[in-house]
Amino acid sequence: PDDDSGNKRVCICFSDTGDGNKGKAVIATVDSANAVTFGEVVTFNEASTTDIHCTYSLDGWVYVLFIDSATQMIAFNPELLTEKTEKKQIAGSIPNLVEICAVGHSVVGIYSSYAQTIYRTGNVLNIGAQYNWNNSYQGLFPSASITENNRFIIAYADGGNSSYGTTTILEISGNRIAGSFLNNSKDAIALESGEGGDTIKLGFGGYCACEGITAGQTIDSEGITAYSPLDGWLEIK
């Protein structure tokens with residue numbers, strides 16, 4: 001966030017090659033003349049640290065995803081970098097497979113083919129339910145960004161499809177991740193009634209938008225079931 005004088009600030013997290021590759025952070029301040037000054041450098045991880053990704057959440061703290069002996073998460077107050085949570089392991093050591101993304105007041109940790117929400121209670125990190133967004137295939141070199149409201153996009157090299165560049169959009173509801181909204185298959189279910197020759201709306205396998213549907217509602221058809229994980233959405237399978 002900006003400082004009290006309206007100067008822009010950015011948190012830089014890095015591995016200090018001159019000090020055993022320890023994980024460190026510093027706040028850079030940019031004034032109206034574009035002059036840059038740096039605050040005190042603070043160590044957030046004493047072990048050798050790689051694959052560092054950081055983001056600023058609307059809860060006012062900086063969240064950092066990194067790898068030492070495992071994939072870890074930590075958060076700290078940018079106003080006082082020494083005020084921080086304990087680091088929390090969320091996965092094993094998986095280089096080139098991790099990313100972090102702030103989505104409103106939520107933060108999402110992404111690793112391999114999984115994603116989890118991370119939220120803070122005081123100085124304690126909490127981890128939400130794990131969601132498999134790529135059918136257990138590795139999502140290599142993931143990069144994520146918020147798109148709108150509570151949705152975010154992941155771009156990655158699909159380990160299950162010749163490492164082709166691929167994207168998927170996920171949505172957060174509370175501390176849950178609802179799922180991929182760009183996943184279609186041959187299955188379909190009617191979303192409105194009709195007779196022979198009529199043109200009606202269909203929902204295809206995966207997730208689709210459906211006005212008027214409410215979370216928890218189920219629609220059954222021969223061989224196909226549709227369930228609403230969120231208001232306005234159906235999961236068809």
# chains A, B, ... in the order shown; residues from 1 in each chain; ligands from 1
call {"tool": "closest_atom_pairs", "arguments": {"of": "stretch 6-97 of chain A", "to": "stretch 136-140 of chain A", "cutoff": "12 Å", "atoms": "only C-alpha atoms", "output": "Markdown table"}}
result
| residue | atom | partner | partner_atom | distance |
| --- | --- | --- | --- | --- |
| A:Ile94 | CA | A:Leu140 | CA | 10.0 |
| A:Pro95 | CA | A:Leu140 | CA | 9.2 |
| A:Asn96 | CA | A:Leu140 | CA | 6.3 |
| A:Leu97 | CA | A:Leu140 | CA | 5.2 |
call {"tool": "select_by_dssp", "arguments": {"residues": "stretch 37-182 of chain A", "states": "strand (DSSP E)", "output": "PyMOL selection string"}}
result
chain A and resi 37-38+42-48+50-56+62-67+71-77+80-84+88-91+98-103+106-111+114-121+124-127+131-132+139-148+151-158+164-173+176-177
call {"tool": "residues_around", "arguments": {"residues": "A:Leu81", "least_positions_apart": "6", "cutoff": "10 Å", "atoms": "only C-alpha atoms", "output": "ChimeraX atom specification"}}
result
/A:11,25-27,39-44,61-62,75
call {"tool": "closest_residue", "arguments": {"among": "A:Asn7, A:Ala129, A:Glu99, A:Ile153", "to": "A:Phe141", "atoms": "only C-alpha atoms"}}
result
A:Glu99
call {"tool": "closest_atom_pairs", "arguments": {"of": "stretch 116-178 of chain A", "to": "stretch 211-231 of chain A", "cutoff": "10 Å", "atoms": "only C-alpha atoms", "output": "Markdown table"}}
result
| residue | atom | partner | partner_atom | distance |
| --- | --- | --- | --- | --- |
| A:Glu171 | CA | A:Leu230 | CA | 9.4 |
| A:Ile172 | CA | A:Leu230 | CA | 9.5 |
| A:Ser173 | CA | A:Leu230 | CA | 7.5 |
| A:Arg176 | CA | A:Pro229 | CA | 9.9 |
| A:Ile177 | CA | A:Pro229 | CA | 9.6 |
| A:Ala178 | CA | A:Pro229 | CA | 6.4 |
call {"tool": "write_last_selection", "arguments": {"atoms": "C-alpha atoms", "output": "PDB file, in the first residue's frame"}}
result
ATOM      1  CA  GLU A 171     -13.358 -19.179  -8.623  1.00  0.00           C
ATOM      2  CA  ILE A 172     -13.219 -18.660  -4.863  1.00  0.00           C
ATOM      3  CA  SER A 173     -16.214 -18.794  -2.547  1.00  0.00           C
ATOM      4  CA  ARG A 176     -13.249 -22.861  -1.026  1.00  0.00           C
ATOM      5  CA  ILE A 177     -12.123 -23.070  -4.638  1.00  0.00           C
ATOM      6  CA  ALA A 178     -15.107 -23.897  -6.830  1.00  0.00           C
TER       7      ALA A 178
END
call {"tool": "closest_residue", "arguments": {"among": "A:Ala47, A:Val103, A:Thr121, A:Ala115", "to": "A:Trp133", "atoms": "only C-alpha atoms"}}
result
A:Ala115
call {"tool": "residues_around", "arguments": {"residues": "stretch 142-144 of chain A", "least_positions_apart": "4", "cutoff": "6 Å", "atoms": "only C-alpha atoms", "output": "ChimeraX atom specification"}}
result
/A:101,153-156
call {"tool": "write_last_selection", "arguments": {"atoms": "C-alpha atoms", "output": "mmCIF file, in the first residue's frame"}}
result
data_model
loop_
_atom_site.group_PDB
_atom_site.id
_atom_site.type_symbol
_atom_site.label_atom_id
_atom_site.label_comp_id
_atom_site.auth_asym_id
_atom_site.auth_seq_id
_atom_site.Cartn_x
_atom_site.Cartn_y
_atom_site.Cartn_z
ATOM 1 C CA CYS A 101 -2.111 -15.185 -6.298
ATOM 2 C CA ILE A 153 -6.701 -17.413 -14.229
ATOM 3 C CA ILE A 154 -3.818 -19.890 -14.226
ATOM 4 C CA ALA A 155 -1.555 -20.194 -17.277
ATOM 5 C CA TYR A 156 0.695 -23.250 -17.301
#
call {"tool": "closest_residue", "arguments": {"among": "A:Arg120, A:His105, A:Lys8, A:Arg151", "to": "A:Leu58", "atoms": "only C-alpha atoms"}}
result
A:His105
call {"tool": "closest_residue", "arguments": {"among": "A:Gly194, A:Glu148, A:Asp59, A:Phe66", "to": "A:Gly122", "atoms": "only C-alpha atoms"}}
result
A:Asp59
